[in-house]
Amino acid sequence: MPGRTLLADRLRDELLEEITSSQLQPGTKLPTEGELSKRFGVSRATVREAVGGLVEAGYVTRRRGSGSYVAERRRMPHGLDSTLSYLAMIESAGAHAGMRVLDAAFEHGGKIDGPLQLSRGEKVLAVERVRTADEQPVIYSRDRIPARLLRADLDLKSLDPSLFALLSSSGHAADHATATLHAVASTSFTAKVLGVRRGKPLLYIEETDYDRDGTPVMLSREWHVSEAFDIRINRQAQSAPISSLR
């Protein structure tokens, strides 16, 4: 079984690469178990396990009496020129938005919290979440908020799904932010959480939010499934200095 599972993981990753690179378009019928078994030199049971993993991750759908097909995956407009609620963005694209809180706890701040400008010994609220669109993971995030900015009676078991709303209700609404973007490869952990193959390119965003007074109120690190979003940035032409006008 362990050997078959390893082969199934490899086959799943190969099929996933063909799907995410558009070699297999949405709506395309997958080859039969027998055809895939012959092509990759594995047993039908291995093929069944690999395709089952793609079904669970939402990349493939099964139609009774017909076969397995590449699923339609909605792309959502992702504007980077303003802070936003990702749940609202997903809903506005016509998808059902969801979120799972993986962990929420108070812990001592460390070197990774530099942008929050913490004092020695300060604690932060650390939250790990996965946002979903139509039940499929699209964003994994790690958010950190200085504990001193939050209400003392905060109940982590009934945490507000919007950390922006939580900050606002605590008197420290986010007013503006700075962010950096990178293309990164998924690690074993982020691949598992987001249901993608290890090494797949993801959009990584690190953002620091500030209140109106310029106090850092939240540090976010986010990994976005690249094919789930169309990235949009609004840009303006810079006015030329008077001295350069002839």
# chains A, B, ... in the order shown; residues from 1 in each chain; ligands from 1

call {"tool": "closest_atom_pairs", "arguments": {"of": "region 181-215 of chain A", "to": "region 121-135 of chain A", "cutoff": "12 Å", "atoms": "only C-alpha atoms", "output": "CSV"}}
result
residue,atom,partner,partner_atom,distance
A:Thr190,CA,A:Val130,CA,10.4
A:Lys192,CA,A:Val130,CA,11.6
A:Val193,CA,A:Val130,CA,7.8
A:Leu194,CA,A:Val130,CA,8.0
A:Gly195,CA,A:Thr132,CA,11.1

call {"tool": "write_last_selection", "arguments": {"atoms": "N, CA and C atoms", "output": "PDB file, in the first residue's frame"}}
result
ATOM      1  N   THR A 190       2.230  23.934   2.354  1.00  0.00           N
ATOM      2  CA  THR A 190       1.269  24.758   1.621  1.00  0.00           C
ATOM      3  C   THR A 190       0.606  23.968   0.487  1.00  0.00           C
ATOM      4  N   LYS A 192      -0.185  20.807   0.623  1.00  0.00           N
ATOM      5  CA  LYS A 192      -1.220  19.990   1.259  1.00  0.00           C
ATOM      6  C   LYS A 192      -2.424  20.835   1.648  1.00  0.00           C
ATOM      7  N   VAL A 193      -2.174  22.004   2.230  1.00  0.00           N
ATOM      8  CA  VAL A 193      -3.262  22.863   2.682  1.00  0.00           C
ATOM      9  C   VAL A 193      -4.107  23.364   1.515  1.00  0.00           C
ATOM     10  N   LEU A 194      -3.453  23.701   0.402  1.00  0.00           N
ATOM     11  CA  LEU A 194      -4.152  24.274  -0.743  1.00  0.00           C
ATOM     12  C   LEU A 194      -4.561  23.239  -1.794  1.00  0.00           C
ATOM     13  N   GLY A 195      -4.176  21.992  -1.594  1.00  0.00           N
ATOM     14  CA  GLY A 195      -4.583  20.950  -2.526  1.00  0.00           C
ATOM     15  C   GLY A 195      -3.914  21.037  -3.874  1.00  0.00           C
TER      16      GLY A 195
END

call {"tool": "select_by_dssp", "arguments": {"residues": "region 27-168 of chain A", "states": "alpha helix (DSSP H)", "output": "NGL selection string"}}
result
:A and (33-40 or 44-56 or 86-92 or 163-168)

call {"tool": "closest_residue", "arguments": {"among": "A:Ser66, A:Thr208, A:Ser226, A:Ser186", "to": "Asp143 (chain A)", "atoms": "only C-alpha atoms"}}
result
A:Thr208

call {"tool": "atom_distance", "arguments": {"atom1": "CA of Gly94 (chain A)", "atom2": "CA of Val138 (chain A)"}}
result
14.6 Å

call {"tool": "closest_residue", "arguments": {"among": "A:Pro31, A:Tyr140, A:Ser22, A:Ser37", "to": "Ala8 (chain A)", "atoms": "only C-alpha atoms"}}
result
A:Ser37

call {"tool": "atom_distance", "arguments": {"atom1": "CA of Gln136 (chain A)", "atom2": "CA of Phe164 (chain A)"}}
result
23.0 Å

call {"tool": "closest_residue", "arguments": {"among": "A:Val217, A:Leu202, A:Leu159, A:Leu6", "to": "Pro146 (chain A)", "atoms": "only C-alpha atoms"}}
result
A:Val217

call {"tool": "closest_residue", "arguments": {"among": "A:Arg39, A:Arg212, A:His96, A:Arg221", "to": "Asp113 (chain A)", "atoms": "only C-alpha atoms"}}
result
A:Arg221

call {"tool": "residues_around", "arguments": {"residues": "Leu30 (chain A)", "least_positions_apart": "4", "cutoff": "9 Å", "atoms": "only C-alpha atoms", "output": "JSON, numbers by chain"}}
result
{"A": [24, 36, 60, 67, 68, 69, 70]}

call {"tool": "atom_distance", "arguments": {"atom1": "CA of Met218 (chain A)", "atom2": "CA of Asp155 (chain A)"}}
result
18.3 Å

call {"tool": "select_by_dssp", "arguments": {"residues": "region 7-233 of chain A", "states": "strand (DSSP E or B)", "output": "PyMOL selection string"}}
result
chain A and resi 29+60-63+67-70+76-79+97-108+123-133+136-146+176-185+201-210+216-225+229-232

call {"tool": "closest_residue", "arguments": {"among": "A:Ala165, A:Ala97, A:Leu54, A:Leu116", "to": "Arg144 (chain A)", "atoms": "only C-alpha atoms"}}
result
A:Leu116

call {"tool": "decode", "arguments": {"residues": "region 46-154 of chain A", "atoms": "C-alpha atoms", "output": "PDB file, in the first residue's frame"}}
result
ATOM      1  CA  THR A  46      -3.134   3.333  -8.433  1.00  0.00           C
ATOM      2  CA  VAL A  47      -4.913   5.304 -11.174  1.00  0.00           C
ATOM      3  CA  ARG A  48      -8.166   5.160  -9.204  1.00  0.00           C
ATOM      4  CA  GLU A  49      -6.425   6.525  -6.087  1.00  0.00           C
ATOM      5  CA  ALA A  50      -4.707   9.329  -8.026  1.00  0.00           C
ATOM      6  CA  VAL A  51      -7.863  10.463  -9.804  1.00  0.00           C
ATOM      7  CA  GLY A  52      -9.776  10.213  -6.521  1.00  0.00           C
ATOM      8  CA  GLY A  53      -7.332  12.698  -5.003  1.00  0.00           C
ATOM      9  CA  LEU A  54      -7.997  15.130  -7.853  1.00  0.00           C
ATOM     10  CA  VAL A  55     -11.736  14.726  -7.338  1.00  0.00           C
ATOM     11  CA  GLU A  56     -11.391  15.504  -3.616  1.00  0.00           C
ATOM     12  CA  ALA A  57      -9.304  18.604  -4.441  1.00  0.00           C
ATOM     13  CA  GLY A  58     -11.944  19.816  -6.907  1.00  0.00           C
ATOM     14  CA  TYR A  59      -9.840  19.549 -10.082  1.00  0.00           C
ATOM     15  CA  VAL A  60     -11.820  16.645 -11.520  1.00  0.00           C
ATOM     16  CA  THR A  61     -15.504  15.716 -11.432  1.00  0.00           C
ATOM     17  CA  ARG A  62     -17.049  12.298 -11.996  1.00  0.00           C
ATOM     18  CA  ARG A  63     -20.173  11.796 -14.096  1.00  0.00           C
ATOM     19  CA  ARG A  64     -21.997   8.564 -13.480  1.00  0.00           C
ATOM     20  CA  GLY A  65     -21.935   6.334 -16.523  1.00  0.00           C
ATOM     21  CA  SER A  66     -19.755   8.790 -18.447  1.00  0.00           C
ATOM     22  CA  GLY A  67     -16.346   9.097 -16.807  1.00  0.00           C
ATOM     23  CA  SER A  68     -14.109  11.715 -15.188  1.00  0.00           C
ATOM     24  CA  TYR A  69     -13.779  15.283 -16.481  1.00  0.00           C
ATOM     25  CA  VAL A  70     -11.561  18.286 -15.768  1.00  0.00           C
ATOM     26  CA  ALA A  71     -13.630  20.603 -13.586  1.00  0.00           C
ATOM     27  CA  GLU A  72     -14.466  24.198 -14.403  1.00  0.00           C
ATOM     28  CA  ARG A  73     -12.478  26.432 -12.030  1.00  0.00           C
ATOM     29  CA  ARG A  74     -13.672  29.995 -11.708  1.00  0.00           C
ATOM     30  CA  ARG A  75     -11.047  32.767 -11.895  1.00  0.00           C
ATOM     31  CA  MET A  76     -11.655  35.745  -9.626  1.00  0.00           C
ATOM     32  CA  PRO A  77     -10.575  39.367 -10.196  1.00  0.00           C
ATOM     33  CA  HIS A  78      -7.997  40.264  -7.553  1.00  0.00           C
ATOM     34  CA  GLY A  79      -7.445  44.011  -7.237  1.00  0.00           C
ATOM     35  CA  LEU A  80      -4.177  44.862  -5.498  1.00  0.00           C
ATOM     36  CA  ASP A  81      -4.724  48.600  -5.327  1.00  0.00           C
ATOM     37  CA  SER A  82      -6.910  48.458  -2.199  1.00  0.00           C
ATOM     38  CA  THR A  83      -7.351  46.406   0.962  1.00  0.00           C
ATOM     39  CA  LEU A  84     -10.368  44.152   0.765  1.00  0.00           C
ATOM     40  CA  SER A  85     -12.304  41.306   2.279  1.00  0.00           C
ATOM     41  CA  TYR A  86     -11.340  38.194   0.356  1.00  0.00           C
ATOM     42  CA  LEU A  87     -14.642  36.567   1.270  1.00  0.00           C
ATOM     43  CA  ALA A  88     -16.493  39.508  -0.315  1.00  0.00           C
ATOM     44  CA  MET A  89     -14.230  39.343  -3.368  1.00  0.00           C
ATOM     45  CA  ILE A  90     -14.954  35.642  -3.839  1.00  0.00           C
ATOM     46  CA  GLU A  91     -18.702  36.162  -3.430  1.00  0.00           C
ATOM     47  CA  SER A  92     -18.671  39.069  -5.889  1.00  0.00           C
ATOM     48  CA  ALA A  93     -17.159  36.726  -8.485  1.00  0.00           C
ATOM     49  CA  GLY A  94     -20.198  34.473  -8.142  1.00  0.00           C
ATOM     50  CA  ALA A  95     -18.511  31.758  -6.098  1.00  0.00           C
ATOM     51  CA  HIS A  96     -19.506  30.487  -2.673  1.00  0.00           C
ATOM     52  CA  ALA A  97     -16.968  31.816  -0.160  1.00  0.00           C
ATOM     53  CA  GLY A  98     -15.870  29.897   2.900  1.00  0.00           C
ATOM     54  CA  MET A  99     -13.150  29.956   5.522  1.00  0.00           C
ATOM     55  CA  ARG A 100     -11.553  27.515   7.944  1.00  0.00           C
ATOM     56  CA  VAL A 101      -9.582  28.692  10.964  1.00  0.00           C
ATOM     57  CA  LEU A 102      -6.697  26.247  11.364  1.00  0.00           C
ATOM     58  CA  ASP A 103      -5.343  27.837  14.535  1.00  0.00           C
ATOM     59  CA  ALA A 104      -5.793  30.954  16.665  1.00  0.00           C
ATOM     60  CA  ALA A 105      -3.693  31.646  19.741  1.00  0.00           C
ATOM     61  CA  PHE A 106      -1.838  34.334  21.650  1.00  0.00           C
ATOM     62  CA  GLU A 107       1.931  33.986  21.578  1.00  0.00           C
ATOM     63  CA  HIS A 108       5.033  36.053  22.246  1.00  0.00           C
ATOM     64  CA  GLY A 109       6.202  38.147  19.314  1.00  0.00           C
ATOM     65  CA  GLY A 110       9.466  37.369  17.577  1.00  0.00           C
ATOM     66  CA  LYS A 111      11.756  38.400  14.754  1.00  0.00           C
ATOM     67  CA  ILE A 112       9.096  37.627  12.155  1.00  0.00           C
ATOM     68  CA  ASP A 113       6.972  40.435  13.658  1.00  0.00           C
ATOM     69  CA  GLY A 114       9.439  43.234  12.861  1.00  0.00           C
ATOM     70  CA  PRO A 115       6.936  45.329  10.831  1.00  0.00           C
ATOM     71  CA  LEU A 116       4.586  45.441  13.853  1.00  0.00           C
ATOM     72  CA  GLN A 117       7.147  47.410  15.882  1.00  0.00           C
ATOM     73  CA  LEU A 118       6.458  45.432  19.059  1.00  0.00           C
ATOM     74  CA  SER A 119       7.985  46.191  22.435  1.00  0.00           C
ATOM     75  CA  ARG A 120      10.033  43.488  24.136  1.00  0.00           C
ATOM     76  CA  GLY A 121       7.809  40.792  25.604  1.00  0.00           C
ATOM     77  CA  GLU A 122       4.662  41.847  23.733  1.00  0.00           C
ATOM     78  CA  LYS A 123       2.198  39.197  22.644  1.00  0.00           C
ATOM     79  CA  VAL A 124       0.407  38.847  19.321  1.00  0.00           C
ATOM     80  CA  LEU A 125      -2.753  37.110  18.205  1.00  0.00           C
ATOM     81  CA  ALA A 126      -1.607  34.568  15.594  1.00  0.00           C
ATOM     82  CA  VAL A 127      -4.283  33.248  13.239  1.00  0.00           C
ATOM     83  CA  GLU A 128      -3.931  30.647  10.491  1.00  0.00           C
ATOM     84  CA  ARG A 129      -6.797  30.417   7.978  1.00  0.00           C
ATOM     85  CA  VAL A 130      -7.747  28.893   4.654  1.00  0.00           C
ATOM     86  CA  ARG A 131     -10.245  30.672   2.427  1.00  0.00           C
ATOM     87  CA  THR A 132     -12.230  28.633  -0.076  1.00  0.00           C
ATOM     88  CA  ALA A 133     -14.189  29.305  -3.266  1.00  0.00           C
ATOM     89  CA  ASP A 134     -16.897  26.760  -4.051  1.00  0.00           C
ATOM     90  CA  GLU A 135     -15.387  24.529  -1.333  1.00  0.00           C
ATOM     91  CA  GLN A 136     -11.905  24.594  -2.916  1.00  0.00           C
ATOM     92  CA  PRO A 137      -8.906  26.163  -1.091  1.00  0.00           C
ATOM     93  CA  VAL A 138      -7.633  29.320  -2.799  1.00  0.00           C
ATOM     94  CA  ILE A 139      -5.777  31.286  -0.063  1.00  0.00           C
ATOM     95  CA  TYR A 140      -3.775  30.175   2.965  1.00  0.00           C
ATOM     96  CA  SER A 141      -2.875  32.987   5.363  1.00  0.00           C
ATOM     97  CA  ARG A 142      -1.010  33.653   8.583  1.00  0.00           C
ATOM     98  CA  ASP A 143      -2.094  36.889  10.278  1.00  0.00           C
ATOM     99  CA  ARG A 144      -0.583  38.510  13.368  1.00  0.00           C
ATOM    100  CA  ILE A 145      -2.119  41.330  15.422  1.00  0.00           C
ATOM    101  CA  PRO A 146      -0.570  43.020  18.495  1.00  0.00           C
ATOM    102  CA  ALA A 147      -2.566  41.769  21.498  1.00  0.00           C
ATOM    103  CA  ARG A 148      -2.586  45.232  23.100  1.00  0.00           C
ATOM    104  CA  LEU A 149      -4.824  46.493  20.293  1.00  0.00           C
ATOM    105  CA  LEU A 150      -7.560  43.946  20.982  1.00  0.00           C
ATOM    106  CA  ARG A 151     -10.299  43.713  23.583  1.00  0.00           C
ATOM    107  CA  ALA A 152      -9.249  41.968  26.780  1.00  0.00           C
ATOM    108  CA  ASP A 153     -12.373  39.764  26.695  1.00  0.00           C
ATOM    109  CA  LEU A 154     -11.713  38.440  23.170  1.00  0.00           C
TER     110      LEU A 154
END
